[in-house]
>>> print(open('final-v4.cif').read())   # mmCIF, C-alpha atoms
data_input
#
loop_
_atom_site.group_PDB
_atom_site.id
_atom_site.type_symbol
_atom_site.label_atom_id
_atom_site.label_comp_id
_atom_site.auth_asym_id
_atom_site.auth_seq_id
_atom_site.Cartn_x
_atom_site.Cartn_y
_atom_site.Cartn_z
ATOM 1 C CA MET P 51 75.401 27.689 26.678
ATOM 2 C CA LYS P 52 73.789 25.579 29.350
ATOM 3 C CA THR P 53 71.107 28.145 30.073
ATOM 4 C CA SER P 54 70.298 28.553 26.400
ATOM 5 C CA ASN P 55 70.104 24.792 26.144
ATOM 6 C CA ILE P 56 67.602 24.678 29.009
ATOM 7 C CA GLY P 57 65.679 27.451 27.355
ATOM 8 C CA ALA P 58 65.564 25.521 24.083
ATOM 9 C CA ARG P 59 64.431 22.384 25.898
ATOM 10 C CA ARG P 60 61.749 24.393 27.687
ATOM 11 C CA PHE P 61 60.568 25.745 24.364
ATOM 12 C CA ALA P 62 60.493 22.253 22.968
ATOM 13 C CA ILE P 63 58.358 21.127 25.929
ATOM 14 C CA TYR P 64 56.071 24.096 25.393
ATOM 15 C CA ASP P 65 55.776 23.275 21.722
ATOM 16 C CA ARG P 66 54.902 19.701 22.486
ATOM 17 C CA THR P 67 52.318 20.758 25.084
ATOM 18 C CA VAL P 68 50.740 23.188 22.648
ATOM 19 C CA ALA P 69 50.668 20.507 19.997
ATOM 20 C CA VAL P 70 49.039 18.061 22.410
ATOM 21 C CA ILE P 71 46.473 20.638 23.478
ATOM 22 C CA LEU P 72 45.742 21.538 19.869
ATOM 23 C CA GLY P 73 45.435 17.895 18.958
ATOM 24 C CA ALA P 74 43.180 17.237 21.898
ATOM 25 C CA SER P 75 40.964 20.175 21.080
ATOM 26 C CA ALA P 76 40.815 19.076 17.465
ATOM 27 C CA LEU P 77 39.795 15.607 18.606
ATOM 28 C CA ALA P 78 37.273 17.079 20.980
ATOM 29 C CA GLY P 79 35.916 19.088 18.064
ATOM 30 C CA CYS P 80 35.494 15.908 16.081
ATOM 31 C CA VAL P 81 33.780 14.094 18.905
ATOM 32 C CA GLN P 82 31.438 16.934 19.720
ATOM 33 C CA ILE P 83 29.575 16.878 16.423
ATOM 34 C CA ASP P 84 25.956 16.811 17.523
ATOM 35 C CA THR P 85 23.693 14.040 16.391
ATOM 36 C CA PRO P 86 20.331 15.336 15.135
ATOM 37 C CA ASP P 87 17.621 15.226 17.795
ATOM 38 C CA LYS P 88 15.063 14.012 15.250
ATOM 39 C CA PRO P 89 15.371 10.504 13.809
ATOM 40 C CA ILE P 90 16.740 10.410 10.304
ATOM 41 C CA GLU P 91 13.808 9.986 7.965
ATOM 42 C CA ILE P 92 14.249 8.348 4.625
ATOM 43 C CA ASN P 93 11.378 9.260 2.402
ATOM 44 C CA LEU P 94 10.572 6.135 0.408
ATOM 45 C CA ASN P 95 7.933 8.025 -1.520
ATOM 46 C CA ILE P 96 10.742 9.481 -3.589
ATOM 47 C CA ASN P 97 10.449 6.310 -5.685
ATOM 48 C CA ILE P 98 6.943 7.246 -6.730
ATOM 49 C CA ARG P 99 7.104 9.999 -9.280
ATOM 50 C CA GLN P 100 4.111 11.778 -10.685
ATOM 51 C CA GLU P 101 4.833 10.723 -14.256
ATOM 52 C CA VAL P 102 4.820 7.079 -13.147
ATOM 53 C CA VAL P 103 1.491 7.569 -11.385
ATOM 54 C CA TYR P 104 0.021 9.107 -14.530
ATOM 55 C CA ARG P 105 1.304 6.231 -16.653
ATOM 56 C CA LEU P 106 -0.173 3.584 -14.329
ATOM 57 C CA ASP P 107 -3.505 5.327 -13.768
ATOM 58 C CA GLY P 108 -5.416 3.522 -16.523
ATOM 59 C CA ASP P 109 -4.171 0.094 -15.459
ATOM 60 C CA ALA P 110 -4.995 0.848 -11.821
ATOM 61 C CA LYS P 111 -8.560 1.828 -12.756
ATOM 62 C CA LYS P 112 -8.928 -1.412 -14.747
ATOM 63 C CA LEU P 113 -7.638 -3.517 -11.861
ATOM 64 C CA ILE P 114 -10.064 -1.922 -9.404
ATOM 65 C CA GLU P 115 -12.975 -2.437 -11.795
ATOM 66 C CA GLN P 116 -12.142 -6.068 -12.500
ATOM 67 C CA ASN P 117 -11.559 -6.987 -8.837
ATOM 68 C CA SER P 118 -14.265 -4.910 -7.194
ATOM 69 C CA GLU P 119 -14.806 -7.506 -4.466
ATOM 70 C CA ILE P 120 -11.464 -6.645 -2.827
ATOM 71 C CA PHE P 121 -11.661 -2.870 -3.328
ATOM 72 C CA MET V 182 -43.046 -51.545 -26.278
ATOM 73 C CA GLY V 183 -39.316 -52.186 -26.538
ATOM 74 C CA LYS V 184 -38.952 -49.397 -29.061
ATOM 75 C CA LYS V 185 -40.652 -46.932 -26.784
ATOM 76 C CA LYS V 186 -38.365 -47.885 -23.935
ATOM 77 C CA MET V 187 -35.338 -47.358 -26.167
ATOM 78 C CA THR V 188 -36.308 -43.855 -27.178
ATOM 79 C CA LYS V 189 -36.804 -43.057 -23.526
ATOM 80 C CA THR V 190 -33.347 -44.260 -22.606
ATOM 81 C CA MET V 191 -31.887 -42.333 -25.528
ATOM 82 C CA TRP V 192 -33.506 -39.107 -24.376
ATOM 83 C CA LYS V 193 -32.411 -39.429 -20.817
ATOM 84 C CA PRO V 194 -28.720 -38.635 -21.357
ATOM 85 C CA THR V 195 -29.617 -35.749 -23.666
ATOM 86 C CA GLY V 196 -31.859 -34.352 -20.984
ATOM 87 C CA LEU V 197 -29.079 -34.676 -18.430
ATOM 88 C CA ALA V 198 -26.614 -33.020 -20.777
ATOM 89 C CA LEU V 199 -29.006 -30.136 -21.319
ATOM 90 C CA ALA V 200 -29.501 -29.784 -17.597
ATOM 91 C CA ALA V 201 -25.740 -29.786 -17.128
ATOM 92 C CA ILE V 202 -25.316 -27.058 -19.768
ATOM 93 C CA VAL V 203 -28.031 -24.969 -18.156
ATOM 94 C CA ALA V 204 -26.465 -25.479 -14.727
ATOM 95 C CA THR V 205 -23.005 -24.535 -16.024
ATOM 96 C CA ALA V 206 -24.374 -21.436 -17.663
ATOM 97 C CA ALA V 207 -26.175 -20.491 -14.458
ATOM 98 C CA VAL V 208 -22.985 -20.927 -12.447
ATOM 99 C CA ALA V 209 -20.977 -18.965 -15.017
ATOM 100 C CA PHE V 210 -23.413 -16.082 -14.696
ATOM 101 C CA ALA V 211 -23.816 -16.333 -10.950
ATOM 102 C CA VAL V 212 -20.118 -16.542 -10.044
ATOM 103 C CA PRO V 213 -18.876 -13.253 -11.516
ATOM 104 C CA SER V 214 -21.764 -11.312 -9.991
ATOM 105 C CA ALA V 215 -21.084 -12.915 -6.616
ATOM 106 C CA MET V 216 -17.346 -12.254 -7.015
ATOM 107 C CA ALA V 217 -17.911 -8.628 -7.863
ATOM 108 C CA GLN V 218 -19.715 -7.933 -4.627
ATOM 109 C CA ARG V 219 -18.068 -6.913 -1.407
ATOM 110 C CA ASP V 220 -18.270 -9.127 1.623
ATOM 111 C CA PRO V 221 -21.316 -7.813 3.578
ATOM 112 C CA ALA V 222 -19.208 -7.453 6.742
ATOM 113 C CA TYR V 223 -16.632 -5.411 4.827
ATOM 114 C CA ALA V 224 -19.329 -3.281 3.193
ATOM 115 C CA ALA V 225 -20.860 -2.624 6.618
ATOM 116 C CA ALA V 226 -17.480 -1.716 8.189
ATOM 117 C CA ARG V 227 -16.808 0.669 5.307
ATOM 118 C CA ALA V 228 -20.211 2.304 5.565
ATOM 119 C CA ALA V 229 -19.810 2.638 9.343
ATOM 120 C CA GLY V 230 -16.465 4.411 8.847
ATOM 121 C CA GLN V 231 -14.495 1.787 10.779
ATOM 122 C CA VAL V 232 -12.468 0.890 7.718
ATOM 123 C CA GLY V 233 -11.134 3.370 5.196
ATOM 124 C CA GLU V 234 -8.830 3.846 2.231
ATOM 125 C CA GLN V 235 -5.198 4.797 2.778
ATOM 126 C CA PRO V 236 -3.040 6.744 0.275
ATOM 127 C CA ASP V 237 -0.804 3.674 -0.137
ATOM 128 C CA GLY V 238 -3.574 1.624 -1.773
ATOM 129 C CA TYR V 239 -4.441 -0.497 1.250
ATOM 130 C CA LEU V 240 -7.263 -0.475 3.770
ATOM 131 C CA GLY V 241 -6.748 0.928 7.234
ATOM 132 C CA PHE V 242 -8.654 1.369 10.458
ATOM 133 C CA ALA V 243 -10.100 4.751 11.261
ATOM 134 C CA THR V 244 -11.136 3.438 14.684
ATOM 135 C CA THR V 245 -9.868 0.497 16.732
ATOM 136 C CA PRO V 246 -11.233 -2.555 14.941
ATOM 137 C CA THR V 247 -12.839 -5.663 16.366
ATOM 138 C CA PRO V 248 -10.771 -8.825 15.824
ATOM 139 C CA ALA V 249 -13.213 -9.902 13.110
ATOM 140 C CA ILE V 250 -12.838 -6.645 11.166
ATOM 141 C CA ARG V 251 -9.076 -6.707 11.608
ATOM 142 C CA ALA V 252 -8.897 -10.209 10.141
ATOM 143 C CA LEU V 253 -11.193 -9.243 7.291
ATOM 144 C CA VAL V 254 -9.108 -6.199 6.373
ATOM 145 C CA GLN V 255 -5.832 -8.107 6.619
ATOM 146 C CA ASP V 256 -7.232 -10.706 4.237
ATOM 147 C CA LEU V 257 -8.359 -8.025 1.776
ATOM 148 C CA ASN V 258 -5.000 -6.254 1.978
ATOM 149 C CA ILE V 259 -3.190 -9.514 1.197
ATOM 150 C CA LYS V 260 -5.447 -9.987 -1.835
ATOM 151 C CA ARG V 261 -4.862 -6.391 -2.862
ATOM 152 C CA LYS V 262 -1.122 -6.815 -2.603
ATOM 153 C CA ALA V 263 -1.299 -9.918 -4.805
ATOM 154 C CA ALA V 264 -3.327 -7.987 -7.381
ATOM 155 C CA TYR V 265 -0.930 -5.011 -7.245
ATOM 156 C CA THR V 266 2.048 -7.330 -7.609
ATOM 157 C CA ALA V 267 0.622 -8.940 -10.742
ATOM 158 C CA SER V 268 -0.222 -5.554 -12.258
ATOM 159 C CA ALA V 269 3.147 -4.106 -11.325
ATOM 160 C CA GLN V 270 4.864 -6.942 -13.148
ATOM 161 C CA SER V 271 2.772 -6.527 -16.279
ATOM 162 C CA THR V 272 3.295 -2.746 -16.329
ATOM 163 C CA GLY V 273 6.978 -2.763 -15.424
ATOM 164 C CA SER V 274 6.491 -0.804 -12.215
ATOM 165 C CA THR V 275 7.045 -1.508 -8.545
ATOM 166 C CA VAL V 276 4.315 -2.839 -6.257
ATOM 167 C CA GLU V 277 4.482 0.418 -4.265
ATOM 168 C CA GLN V 278 4.042 2.535 -7.382
ATOM 169 C CA PHE V 279 1.071 0.536 -8.575
ATOM 170 C CA ALA V 280 -0.476 0.396 -5.108
ATOM 171 C CA PHE V 281 -0.058 4.141 -4.684
ATOM 172 C CA THR V 282 -1.703 4.863 -8.050
ATOM 173 C CA SER V 283 -4.572 2.576 -7.052
ATOM 174 C CA GLY V 284 -4.805 4.404 -3.729
ATOM 175 C CA CYS V 285 -5.278 7.701 -5.590
ATOM 176 C CA ASN V 286 -8.219 6.159 -7.438
ATOM 177 C CA LEU V 287 -9.675 4.357 -4.436
ATOM 178 C CA ILE V 288 -9.744 7.570 -2.394
ATOM 179 C CA SER V 289 -11.436 9.353 -5.298
ATOM 180 C CA GLN V 290 -14.018 6.583 -5.475
ATOM 181 C CA THR V 291 -14.957 6.734 -1.783
ATOM 182 C CA LYS V 292 -18.604 7.601 -1.261
ATOM 183 C CA ALA V 293 -19.990 10.216 1.109
ATOM 184 C CA GLY V 294 -19.730 8.968 4.692
ATOM 185 C CA GLU V 295 -16.789 6.644 3.996
ATOM 186 C CA LYS V 296 -13.369 7.258 5.553
ATOM 187 C CA TYR V 297 -10.084 7.983 3.827
ATOM 188 C CA GLN V 298 -6.646 8.971 5.049
ATOM 189 C CA THR V 299 -5.106 12.282 4.004
ATOM 190 C CA PRO V 300 -1.409 12.524 3.007
ATOM 191 C CA SER V 301 -0.690 13.818 6.531
ATOM 192 C CA GLY V 302 -2.143 10.622 8.014
ATOM 193 C CA ALA V 303 -5.389 12.037 9.399
ATOM 194 C CA TRP V 304 -8.644 10.176 8.796
ATOM 195 C CA LYS V 305 -11.348 12.190 7.122
ATOM 196 C CA THR V 306 -14.929 11.437 6.267
ATOM 197 C CA ARG V 307 -15.718 11.878 2.608
ATOM 198 C CA ASP V 308 -18.304 14.516 1.871
ATOM 199 C CA GLY V 309 -19.454 16.182 -1.314
ATOM 200 C CA SER V 310 -16.145 18.000 -1.861
ATOM 201 C CA PRO V 311 -13.127 16.401 -3.580
ATOM 202 C CA PRO V 312 -10.975 14.340 -1.192
ATOM 203 C CA GLU V 313 -7.613 15.551 0.070
ATOM 204 C CA ARG V 314 -5.073 13.509 -1.901
ATOM 205 C CA ASP V 315 -1.358 13.380 -2.529
ATOM 206 C CA ALA V 316 -0.101 16.040 -4.950
ATOM 207 C CA ARG V 317 1.114 13.308 -7.307
ATOM 208 C CA CYS V 318 -2.347 11.850 -7.799
ATOM 209 C CA PRO V 319 -3.751 12.406 -11.284
#
>>> encode(input="final-v4.cif", output="structure tokens")
Amino acid sequence: MKTSNIGARRFAIYDRTVAVILGASALAGCVQIDTPDKPIEINLNINIRQEVVYRLDGDAKKLIEQNSEIF
Amino acid sequence: MGKKKMTKTMWKPTGLALAAIVATAAVAFAVPSAMAQRDPAYAAARAAGQVGEQPDGYLGFATTPTPAIRALVQDLNIKRKAAYTASAQSTGSTVEQFAFTSGCNLISQTKAGEKYQTPSGAWKTRDGSPPERDARCP
């Protein structure tokens, strides 16, 4: 009875150790996510779509013509 | 005698008014033509390839500018931004969109020998061939 009790306690300790190791490795896994070496680039040009450029083209030409001293 | 003097005094204001009209007309004609011309220093910097057109609709420096050229270009870019802002508002677009569309046109309008910036950021000298522009340019 006593020996089996010790055995059970030992198993419980083992279980806890395994759980701690697993938890630690899981945490380590979380921490070790690599940051990209290149800076994150946000392309602002995404706001300028070709259809918009086509729509504004006539007005842009007019502006350039009427303000030729600054262009 | 007195009558003659009177007619003279009556004509004087008319003559002045006429002169004023002529002067106003001359100014009205002279001002737009003067406005439409580039600042000689800017024209020279452009022709020399020191200043060029960027894809974003603003002027940039192809080579390190002198303080005078830098100030000149900054002033022109501020004026351009004001013009783009007004046009963007009237067309319901953003300043960046309008400036970019203008940039497409301004690069197209560069003359041989003038500088422009390619979409990759490199400065090129315009020659007889079509300029290298952004794929979204009309």
>>> atom_distance(input="final-v4.cif", atom1="atom CA of Thr275 of chain V", atom2="atom CA of Ala303 of chain V")
25.7 Å
>>> atom_distance(input="final-v4.cif", atom1="atom CA of Lys296 of chain V", atom2="atom CA of Gly230 of chain V")
5.3 Å
>>> closest_atom_pairs(input="final-v4.cif", of="chain P", to="chain V", cutoff="7 Å", atoms="all atoms listed in the file", output="CSV")
residue,atom,partner,partner_atom,distance
P:Ile98,CA,V:Gln278,CA,5.6
P:Gln100,CA,V:Arg317,CA,4.8
P:Val103,CA,V:Thr282,CA,5.4
P:Tyr104,CA,V:Pro319,CA,6.0
P:Leu106,CA,V:Thr282,CA,6.6
P:Asp107,CA,V:Thr282,CA,6.0
P:Ala110,CA,V:Ser283,CA,5.1
P:Lys111,CA,V:Asn286,CA,6.9
P:Asn117,CA,V:Ala217,CA,6.6
P:Ser118,CA,V:Ala217,CA,5.3
P:Glu119,CA,V:Arg219,CA,4.5
P:Ile120,CA,V:Leu257,CA,5.7
>>> closest_residue(input="final-v4.cif", among="V:Arg307, V:Ala222, V:Gln235, V:Glu295", to="Arg251 of chain V", atoms="only C-alpha atoms")
V:Ala222
>>> atom_distance(input="final-v4.cif", atom1="atom CA of Ala249 of chain V", atom2="atom CA of Ala226 of chain V")
10.5 Å
>>> resolve_selection(input="final-v4.cif", expression="the PyMOL selection byres ((chain V and resi 313) around 8)", output="ChimeraX atom specification")
/V:299-300,311-312,314-315
>>> write_last_selection(input="final-v4.cif", atoms="C-alpha atoms", output="compact mmCIF listing (two decimals), in the frame of the given file")
# COMPACT_ATOMS: atom_id res chain seq x y z
CA THR V 299 -5.11 12.28 4.00
CA PRO V 300 -1.41 12.52 3.01
CA PRO V 311 -13.13 16.40 -3.58
CA PRO V 312 -10.98 14.34 -1.19
CA ARG V 314 -5.07 13.51 -1.90
CA ASP V 315 -1.36 13.38 -2.53
>>> axis_aligned_box(input="final-v4.cif", around="segment 242-256 of chain V", padding_each_side="4 Å", output="JSON")
{"center_x": -9.5, "center_y": -3.0, "center_z": 10.5, "size_x": 15.4, "size_y": 23.5, "size_z": 20.5}
>>> closest_residue(input="final-v4.cif", among="V:Gln270, V:Thr245, V:Gln255, V:Gln231", to="Thr306 of chain V", atoms="all atoms listed in the file")
V:Gln231
>>> build_atoms(input="final-v4.cif", residues="segment 103-120 of chain P", atoms="N, CA and C atoms", output="tab-separated table (two decimals), in the frame of the given file")
chain	number	residue	atom	x	y	z
P	103	VAL	N	2.89	7.68	-11.83
P	103	VAL	CA	1.49	7.57	-11.38
P	103	VAL	C	0.54	7.82	-12.56
P	104	TYR	N	0.86	8.81	-13.37
P	104	TYR	CA	0.02	9.11	-14.53
P	104	TYR	C	0.03	7.95	-15.53
P	105	ARG	N	1.19	7.35	-15.70
P	105	ARG	CA	1.30	6.23	-16.65
P	105	ARG	C	0.50	5.02	-16.19
P	106	LEU	N	0.48	4.78	-14.86
P	106	LEU	CA	-0.17	3.58	-14.33
P	106	LEU	C	-1.66	3.78	-14.07
P	107	ASP	N	-2.14	5.02	-14.18
P	107	ASP	CA	-3.50	5.33	-13.77
P	107	ASP	C	-4.56	4.47	-14.47
P	108	GLY	N	-4.43	4.31	-15.77
P	108	GLY	CA	-5.42	3.52	-16.52
P	108	GLY	C	-5.45	2.07	-16.08
P	109	ASP	N	-4.26	1.50	-15.89
P	109	ASP	CA	-4.17	0.09	-15.46
P	109	ASP	C	-4.72	-0.07	-14.04
P	110	ALA	N	-4.49	0.91	-13.20
P	110	ALA	CA	-5.00	0.85	-11.82
P	110	ALA	C	-6.52	0.87	-11.82
P	111	LYS	N	-7.09	1.74	-12.65
P	111	LYS	CA	-8.56	1.83	-12.76
P	111	LYS	C	-9.14	0.49	-13.22
P	112	LYS	N	-8.48	-0.13	-14.20
P	112	LYS	CA	-8.93	-1.41	-14.75
P	112	LYS	C	-8.88	-2.50	-13.66
P	113	LEU	N	-7.80	-2.51	-12.92
P	113	LEU	CA	-7.64	-3.52	-11.86
P	113	LEU	C	-8.75	-3.40	-10.82
P	114	ILE	N	-9.04	-2.17	-10.43
P	114	ILE	CA	-10.06	-1.92	-9.40
P	114	ILE	C	-11.43	-2.38	-9.92
P	115	GLU	N	-11.69	-2.07	-11.19
P	115	GLU	CA	-12.98	-2.44	-11.80
P	115	GLU	C	-13.13	-3.96	-11.88
P	116	GLN	N	-12.06	-4.62	-12.27
P	116	GLN	CA	-12.14	-6.07	-12.50
P	116	GLN	C	-12.07	-6.88	-11.21
P	117	ASN	N	-11.67	-6.26	-10.13
P	117	ASN	CA	-11.56	-6.99	-8.84
P	117	ASN	C	-12.33	-6.24	-7.76
P	118	SER	N	-13.53	-5.80	-8.10
P	118	SER	CA	-14.26	-4.91	-7.19
P	118	SER	C	-14.55	-5.54	-5.84
P	119	GLU	N	-14.50	-6.87	-5.75
P	119	GLU	CA	-14.81	-7.51	-4.47
P	119	GLU	C	-13.73	-7.25	-3.41
P	120	ILE	N	-12.52	-6.90	-3.83
P	120	ILE	CA	-11.46	-6.64	-2.83
P	120	ILE	C	-11.19	-5.16	-2.66
